[in-house]
Structures are given as structure tokens and as C-alpha cells.
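Undergrad: Before anything else, here's the structure in question.
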Amino acid sequence: MECFEAVERVISGGDFFGESMQVGGGKRSLKRPLMEIDNQPHLTLRIVKQRLMQHTSPISPLDFSIPTSPDSPITTITTTTTMSRLREIEDQLLSDIEDDFNDDSPANQNSEWSESTLLSLIRKPSLRQSLLHAAYALSEGDPDFASAILAHLTSAADRRGDPEQRLAHHMSSALFSLLSAEPIAIGTSQSLHHHDAFPCFNLCFVAANRAILDSSSKARPNLHIVDFDVGDGAQYVSLLETLTDPRPSSITITACSVSELPQSYPPETVGDRLVSLGEQAGVAVRFNVVRCKASELDRKAVGLNDEEGEEETVAVNFAYALQRVADESVTTENHRDVLLRRVKGELRPDVVVLVEENLNTNTAPFAVRFGEVMGHVGSVFGSLEERMGRESAERARVEEWLGRRARDMVTEEGPNRVCRCEVFGKWRARLGMAGYRQRQFGPGVAESVRERIGSGLVGPGLTFKEMDGGLCFGWGDRVLTVVSTWH
């Protein structure tokens, strides 16, 4: 009975690194080798909680359910069945291991199941799998087990190692901060050297800028851009440096700071630079700052010109901004929808550009959210490996920023979580319900992106595709950001 309870703990995800466990009512280590099963003609299995008997976890694809009799809570299992089941589990564990075993390894031999053999198998999951087990343990109210996994991960995690080791360092730090209730300081969410480091983000700006410029027409050559988080101005530096004919007669950039959206930079700090770049590009640039509540937004408040003969083409830019506006899952005031509806009804823009990361850190439960963030950040770390050396100081700064941001998305709940990203499908649904219609990109937008990719400046690994009306940018097999236009 005690022996199988120990095995039961392993099957259900326990003792992942061979630490002590609860057996027979007391805490002890797994000292009895599984070969002792051969000396017992039958084993009596105590049925554990239902959540451990059925595969309901979104984290692990393994099915650890054990068939039981519908007539009785007690099941008798023969030794042959038990050993067969254990070997099935062995095969499933091995299928996810990056380093294949040789044919003469203990796992492939028909040898006895000693404690050392079992523990060697248990220690084999990848760093990501181990982190997922720790996150799932926390979600199930088992901080001690999560701490044991994280303690064993510290030797493998390395902020100066390969991308997986760096990812393990930052994601385990996020879980440690959750265990210790350590406060999080995200810092600025828009920084020029950050965006220069990420090819996906830079190309999103290329696509967004081209869509904004394409909205300008000969009938209304004056372009007015309303931006709800100008940040450090990196997007508009790119726009002004790459202007081509036909270009707008004038460009007005209004940095609209609404109280419901925390600003990443004081917008006043970037205006002079953009005006100077406009002079160099041969186009008049005006820069304004407006502060108000989302419910107070209208054309007059943001300074739109409605005088006859002076009408402007109005473009609203939401680049990595809406993810930081609380929705109905946080507050009944639903600032996100209020802002979208106010922009649509009061500003009446010619085009709305949406740039957002493609992951769900808004309504997903903790363990699923952790997996989403880890996959997303892991791909970003992979892209940095292609562009920067492992000893790069800039890379270290960028990754520290990403790590703080990941901690916010993973560990914070309610209004304390700043970054609440959505997948593109949810943004499409939200904007549709707010009265927007998706707008197709002009042929020059995708072409300009492909030209930039073809130049070789972005490095290998970046992917680009058009899907569901959006331009999708990714790394490897994961879509990281999506650009779409609306009216």
C-alpha cells in the first residue's frame, strides 16, 4: 500500500526531483525500490482525488488516468498491469526529452525498476516542462512542491547562458517572486533600444506607419495622428526618416494621455525631436499633448481641425497601448471598451491602427497564462540570440526588462496587472462589438515589409504572413505580434 502511494505521487506529477513525500501519513523518502512490486502478487490502489485521475490540465498532454471499477472505490491491479503502466509512463516522459537515450540505456533495457532508474527518468524533463509543473503546483495550492522544483532549477537556469537557460532564469524568478510576494517594478514599456533589439516590433512599426501614410489623400493632405501612448517616439522617428512621395503637406501628432492608460514616458520629452526630424524631412510637424479622461474625448479636445478647406485625415494609433487599459474582467467601468467606443463615435477617424502582441495574459487562469508568457518570451529570447552576443550588455538590459514584464503578466492579479494582452481573434471580436469594421491593407504595406525582410537586416528566423486581415510577425513557429487596421 505504502509503495504504491509513493508511485501514485510520481504518476500524478509529485516527487519530480526525488524530494521527500507524504507516504502512509508521514513524510519520508522513497527508499523502497519499485522492484519490490515483483514480490507482491497484488496491490491495493487507493483512489486519489478526481482531479488527479482525469487529465484536465491545460499544461501537460500526458494522460495519467488509471481505469477503476465503477462499482467500488477499491481496485485491484496485478503486478503485470502495474509494471506495464509504469513503462507506458516512461515512454511518455521520454517522448518529450530533447536528448534521446541510446538503445543500451537503462530506460530501454528490460531491467528491474530501481529507485535510481526511476529518479533518472523523473529528472529528464526540459526546463520549460519543469517550470510548467512548478506553475501548476502553485495553481493547485502546493507551494512546497513548487519550491522544491524551483530549487532544483537554480543550477540549470543561467541569465548568461543559452536562450533556454536565460528563459528559465527569468521565469523561475517570476515564480519565486510570487512565492515571496515581492513587489514588481516594470519600468518603461516603450524604449528605443528595446525596439531596435526586436525585429518583430520594428517591422510592426514599418507596417503601421505605411498604413497611416496611405490613409492620407490629395483631398485632405494634412495628416493628424492621435496616439494614446507615443512612448519615446520611436515609431514616428521611423515614419519621418522613411517618408517618400507623395507625402502629407503637414503632420500633426497629438499625444493623448488619458487617465485610464498609464503612460510609458512623459510625452513632452519627445516633441522637440520629432519637430526637428520633420524639418530635416521637408514636412511641417506639429506636436501636441492632451490630457483628459476617456469619457471626455471628442474632436475639440484633441484639437482636430474641422474648418472648411483645412480638413485633416485623422489616424488613431493604438500601438501596444490597449493591452494596458483595463477591461470588464478588471472593472465594471470597462475602460477599454469606453475608450474604443469614444474614439469611434467622437473622433470619427479615417483609420485606426492596432498593434498588439498575440497572447492571452488578460483572462487566462494562472497556469495557462504562465505557459503563454513563457512561450512568448522564449521566442523573443530566441530572436535575441540571433542578433546579440551572450555577453552583450544591451541584451542583458533588454532581457531584464522582459523579465520584469513577464513577472507582471504572470504574478499580478486584478488592477495590479499592467499588461493584459489578448490574442488577435479576441481583438477582432472586441473591435467588431464596438462598431469598427476591419480595413484591408493597401498593396504597398505588405510589400514594404517584405522588402525590409529581404534586405537581410532583420536576421534569420523571423516569419511574416497575412492572416484574417492582419499582418502577423513571429519568430520560428510562433506569432508574436499582429498589425491590423480598422475604420
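Naming scheme: A, B, ... for chains in displayed order of the C-alpha cells; residues 1 onward per chain; ligands 1 onward as shown.
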Which residues are close to Met388 (chain A), i.e. within 12 Å by only C-alpha atoms, leaving aside same-chain residues fewer than 2 positions away? Reply as a list in words.
TA: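 Near Met388 (chain A), the qualifying residues are Arg160, Asp162, Pro163, Asp196, Ala197, Phe198, Phe381, Gly382, Ser383, Leu384, Glu385, Glu386, Arg390, Glu391, Ser392, Ala393, Glu394, Arg395, Ala396, Arg397, Val398, Glu399 and Gly459 of chain A.
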Undergrad: Keeping only N, CA and C atoms, write the selected residues to a file as a compact mmCIF listing (two decimals), in the first residue's frame.
TA:
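In the end it all went to result-v5.txt:
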# COMPACT_ATOMS: atom_id res chain seq x y z
N ARG A 160 23.11 34.25 -18.28
CA ARG A 160 24.13 34.48 -19.30
C ARG A 160 24.31 33.24 -20.18
N ASP A 162 22.42 29.92 -22.67
CA ASP A 162 21.70 29.88 -23.94
C ASP A 162 20.28 30.39 -23.72
N PRO A 163 19.50 30.58 -24.79
CA PRO A 163 18.16 31.16 -24.62
C PRO A 163 17.28 30.40 -23.64
N ASP A 196 14.67 48.52 -31.10
CA ASP A 196 15.72 48.22 -32.06
C ASP A 196 16.19 46.78 -31.93
N ALA A 197 16.08 46.23 -30.72
CA ALA A 197 16.56 44.86 -30.50
C ALA A 197 15.62 43.81 -31.05
N PHE A 198 14.36 44.16 -31.24
CA PHE A 198 13.36 43.17 -31.63
C PHE A 198 12.91 43.41 -33.07
N PHE A 381 13.42 35.68 -26.73
CA PHE A 381 14.81 35.39 -26.34
C PHE A 381 15.55 34.70 -27.49
N GLY A 382 14.86 33.82 -28.21
CA GLY A 382 15.48 33.16 -29.35
C GLY A 382 15.88 34.14 -30.43
N SER A 383 15.04 35.17 -30.65
CA SER A 383 15.37 36.17 -31.66
C SER A 383 16.58 37.00 -31.24
N LEU A 384 16.73 37.23 -29.95
CA LEU A 384 17.89 37.99 -29.47
C LEU A 384 19.18 37.21 -29.66
N GLU A 385 19.10 35.89 -29.55
CA GLU A 385 20.28 35.05 -29.73
C GLU A 385 20.88 35.23 -31.13
N GLU A 386 20.00 35.49 -32.11
CA GLU A 386 20.46 35.65 -33.48
C GLU A 386 21.11 37.01 -33.74
N ARG A 390 26.11 36.66 -26.27
CA ARG A 390 25.63 36.32 -24.93
C ARG A 390 26.20 37.22 -23.85
N GLU A 391 27.30 37.89 -24.14
CA GLU A 391 27.89 38.81 -23.15
C GLU A 391 27.49 40.25 -23.41
N SER A 392 26.57 40.48 -24.35
CA SER A 392 26.15 41.84 -24.69
C SER A 392 25.46 42.51 -23.51
N ALA A 393 25.92 43.69 -23.14
CA ALA A 393 25.29 44.45 -22.06
C ALA A 393 23.89 44.91 -22.45
N GLU A 394 23.73 45.27 -23.73
CA GLU A 394 22.41 45.70 -24.20
C GLU A 394 21.41 44.55 -24.11
N ARG A 395 21.86 43.36 -24.52
CA ARG A 395 20.98 42.20 -24.43
C ARG A 395 20.57 41.94 -22.98
N ALA A 396 21.50 42.09 -22.06
CA ALA A 396 21.18 41.88 -20.65
C ALA A 396 20.12 42.87 -20.18
N ARG A 397 20.24 44.14 -20.60
CA ARG A 397 19.25 45.15 -20.20
C ARG A 397 17.88 44.83 -20.78
N VAL A 398 17.85 44.44 -22.05
CA VAL A 398 16.58 44.12 -22.70
C VAL A 398 15.92 42.93 -22.02
N GLU A 399 16.70 41.91 -21.73
CA GLU A 399 16.13 40.71 -21.11
C GLU A 399 15.66 40.97 -19.69
N GLY A 459 17.71 39.58 -39.87
CA GLY A 459 18.28 38.32 -39.43
C GLY A 459 17.38 37.14 -39.72
Undergrad: So which residues touch Asn362 (chain A) within 8 Å, counting only C-alpha atoms, skipping near sequence neighbours fewer than 2 positions away, as a VMD selection string?
TA: chain A and resid 329 360 364 419 to 422
Undergrad: Save the residues we just selected, C-alpha atoms, as an mmCIF file, in the first residue's frame?
TA:
data_model
loop_
_atom_site.group_PDB
_atom_site.id
_atom_site.type_symbol
_atom_site.label_atom_id
_atom_site.label_comp_id
_atom_site.auth_asym_id
_atom_site.auth_seq_id
_atom_site.Cartn_x
_atom_site.Cartn_y
_atom_site.Cartn_z
ATOM 1 C CA SER A 329 -12.645 41.479 -16.303
ATOM 2 C CA ASN A 360 -3.640 35.925 -23.641
ATOM 3 C CA ALA A 364 -6.430 33.136 -18.817
ATOM 4 C CA CYS A 419 -0.055 44.181 -19.217
ATOM 5 C CA ARG A 420 -3.279 42.465 -20.283
ATOM 6 C CA CYS A 421 -2.639 41.186 -23.789
ATOM 7 C CA GLU A 422 -5.175 39.383 -25.981
#
Undergrad: Report as a PyMOL selection string all protein, DNA and RNA residues lying within 12 Å of Leu131 (chain A), evaluated on only C-alpha atoms, omitting residues in the same chain fewer than 6 positions from it.
TA: chain A and resi 16+59-60+125+137-138+145-154+156-157+164-165+167-176+367+370-371+373-375
Undergrad: Which residue, A:Ala255, A:Val458, A:Ile225, A:Cys200, has the smallest gap to Thr313 (chain A) when you use only C-alpha atoms?
TA: A:Ile225
Undergrad: Which value, in Å to one decimal, gives the distance between CA of Ser217 (chain A) and CA of Val343 (chain A)?
TA: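 Those two atoms sit 21.1 Å apart.
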Undergrad: Compile the contact shell of Asp298 (chain A) as a list in words: residues with an atom at most 10 Å away, counting only C-alpha atoms, same-chain residues fewer than 6 positions apart removed.
TA: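 The contact residues come out as Leu304, Arg342, Val343, Lys344, Gly345, Glu346, Leu347 and Arg348 of chain A.
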Undergrad: Can you write just those residues out, all heavy atoms, as a PDB file, in the first residue's frame?
TA:
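After the write, part.pdb holds the following:
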ATOM      1  N   LEU A 304      -8.689  68.524 -33.330  1.00  0.00           N
ATOM      2  CA  LEU A 304      -8.893  68.224 -34.747  1.00  0.00           C
ATOM      3  C   LEU A 304      -9.464  69.449 -35.453  1.00  0.00           C
ATOM      4  O   LEU A 304     -10.333  70.154 -34.918  1.00  0.00           O
ATOM      5  CB  LEU A 304      -9.822  67.026 -34.916  1.00  0.00           C
ATOM      6  CG  LEU A 304      -9.323  65.697 -34.324  1.00  0.00           C
ATOM      7  CD1 LEU A 304     -10.333  64.600 -34.565  1.00  0.00           C
ATOM      8  CD2 LEU A 304      -7.972  65.316 -34.931  1.00  0.00           C
ATOM      9  N   ARG A 342     -15.554  55.602 -27.667  1.00  0.00           N
ATOM     10  CA  ARG A 342     -15.437  57.060 -27.720  1.00  0.00           C
ATOM     11  C   ARG A 342     -14.631  57.492 -28.950  1.00  0.00           C
ATOM     12  O   ARG A 342     -14.964  58.472 -29.634  1.00  0.00           O
ATOM     13  CB  ARG A 342     -14.752  57.554 -26.446  1.00  0.00           C
ATOM     14  CG  ARG A 342     -14.918  59.032 -26.192  1.00  0.00           C
ATOM     15  CD  ARG A 342     -16.296  59.370 -25.675  1.00  0.00           C
ATOM     16  NE  ARG A 342     -16.455  60.810 -25.503  1.00  0.00           N
ATOM     17  CZ  ARG A 342     -17.558  61.385 -25.042  1.00  0.00           C
ATOM     18  NH1 ARG A 342     -18.597  60.637 -24.700  1.00  0.00           N
ATOM     19  NH2 ARG A 342     -17.644  62.696 -24.925  1.00  0.00           N
ATOM     20  N   VAL A 343     -13.551  56.762 -29.241  1.00  0.00           N
ATOM     21  CA  VAL A 343     -12.752  57.058 -30.429  1.00  0.00           C
ATOM     22  C   VAL A 343     -13.600  56.908 -31.684  1.00  0.00           C
ATOM     23  O   VAL A 343     -13.583  57.752 -32.586  1.00  0.00           O
ATOM     24  CB  VAL A 343     -11.511  56.138 -30.484  1.00  0.00           C
ATOM     25  CG1 VAL A 343     -10.861  56.180 -31.863  1.00  0.00           C
ATOM     26  CG2 VAL A 343     -10.508  56.529 -29.409  1.00  0.00           C
ATOM     27  N   LYS A 344     -14.351  55.823 -31.745  1.00  0.00           N
ATOM     28  CA  LYS A 344     -15.181  55.558 -32.924  1.00  0.00           C
ATOM     29  C   LYS A 344     -16.258  56.625 -33.106  1.00  0.00           C
ATOM     30  O   LYS A 344     -16.449  57.171 -34.201  1.00  0.00           O
ATOM     31  CB  LYS A 344     -15.818  54.180 -32.787  1.00  0.00           C
ATOM     32  CG  LYS A 344     -16.904  53.845 -33.799  1.00  0.00           C
ATOM     33  CD  LYS A 344     -16.344  53.661 -35.185  1.00  0.00           C
ATOM     34  CE  LYS A 344     -17.438  53.217 -36.151  1.00  0.00           C
ATOM     35  NZ  LYS A 344     -16.943  53.118 -37.541  1.00  0.00           N
ATOM     36  N   GLY A 345     -16.982  56.946 -32.019  1.00  0.00           N
ATOM     37  CA  GLY A 345     -18.138  57.834 -32.134  1.00  0.00           C
ATOM     38  C   GLY A 345     -17.808  59.311 -32.157  1.00  0.00           C
ATOM     39  O   GLY A 345     -18.506  60.088 -32.828  1.00  0.00           O
ATOM     40  N   GLU A 346     -16.741  59.713 -31.447  1.00  0.00           N
ATOM     41  CA  GLU A 346     -16.447  61.138 -31.307  1.00  0.00           C
ATOM     42  C   GLU A 346     -15.319  61.620 -32.232  1.00  0.00           C
ATOM     43  O   GLU A 346     -15.407  62.691 -32.810  1.00  0.00           O
ATOM     44  CB  GLU A 346     -16.102  61.461 -29.851  1.00  0.00           C
ATOM     45  CG  GLU A 346     -17.247  61.214 -28.875  1.00  0.00           C
ATOM     46  CD  GLU A 346     -18.430  62.128 -29.132  1.00  0.00           C
ATOM     47  OE1 GLU A 346     -18.229  63.244 -29.630  1.00  0.00           O
ATOM     48  OE2 GLU A 346     -19.568  61.721 -28.821  1.00  0.00           O
ATOM     49  N   LEU A 347     -14.273  60.847 -32.352  1.00  0.00           N
ATOM     50  CA  LEU A 347     -13.152  61.294 -33.192  1.00  0.00           C
ATOM     51  C   LEU A 347     -13.387  61.001 -34.665  1.00  0.00           C
ATOM     52  O   LEU A 347     -12.840  61.673 -35.536  1.00  0.00           O
ATOM     53  CB  LEU A 347     -11.841  60.634 -32.732  1.00  0.00           C
ATOM     54  CG  LEU A 347     -11.415  60.891 -31.279  1.00  0.00           C
ATOM     55  CD1 LEU A 347     -10.005  60.378 -31.055  1.00  0.00           C
ATOM     56  CD2 LEU A 347     -11.506  62.370 -30.924  1.00  0.00           C
ATOM     57  N   ARG A 348     -14.175  59.978 -34.955  1.00  0.00           N
ATOM     58  CA  ARG A 348     -14.522  59.587 -36.329  1.00  0.00           C
ATOM     59  C   ARG A 348     -13.270  59.510 -37.227  1.00  0.00           C
ATOM     60  O   ARG A 348     -13.169  60.202 -38.251  1.00  0.00           O
ATOM     61  CB  ARG A 348     -15.546  60.555 -36.927  1.00  0.00           C
ATOM     62  CG  ARG A 348     -16.829  60.676 -36.108  1.00  0.00           C
ATOM     63  CD  ARG A 348     -17.888  61.488 -36.835  1.00  0.00           C
ATOM     64  NE  ARG A 348     -17.479  62.858 -37.117  1.00  0.00           N
ATOM     65  CZ  ARG A 348     -17.541  63.864 -36.247  1.00  0.00           C
ATOM     66  NH1 ARG A 348     -18.000  63.647 -35.026  1.00  0.00           N
ATOM     67  NH2 ARG A 348     -17.151  65.083 -36.593  1.00  0.00           N
TER      68      ARG A 348
END
Undergrad: If I take CA of Ile251 (chain A) and CA of Pro443 (chain A), how far is one from the other in Å, to one decimal?
TA: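 Result for CA of Ile251 (chain A) versus CA of Pro443 (chain A): 22.9 Å, one decimal.
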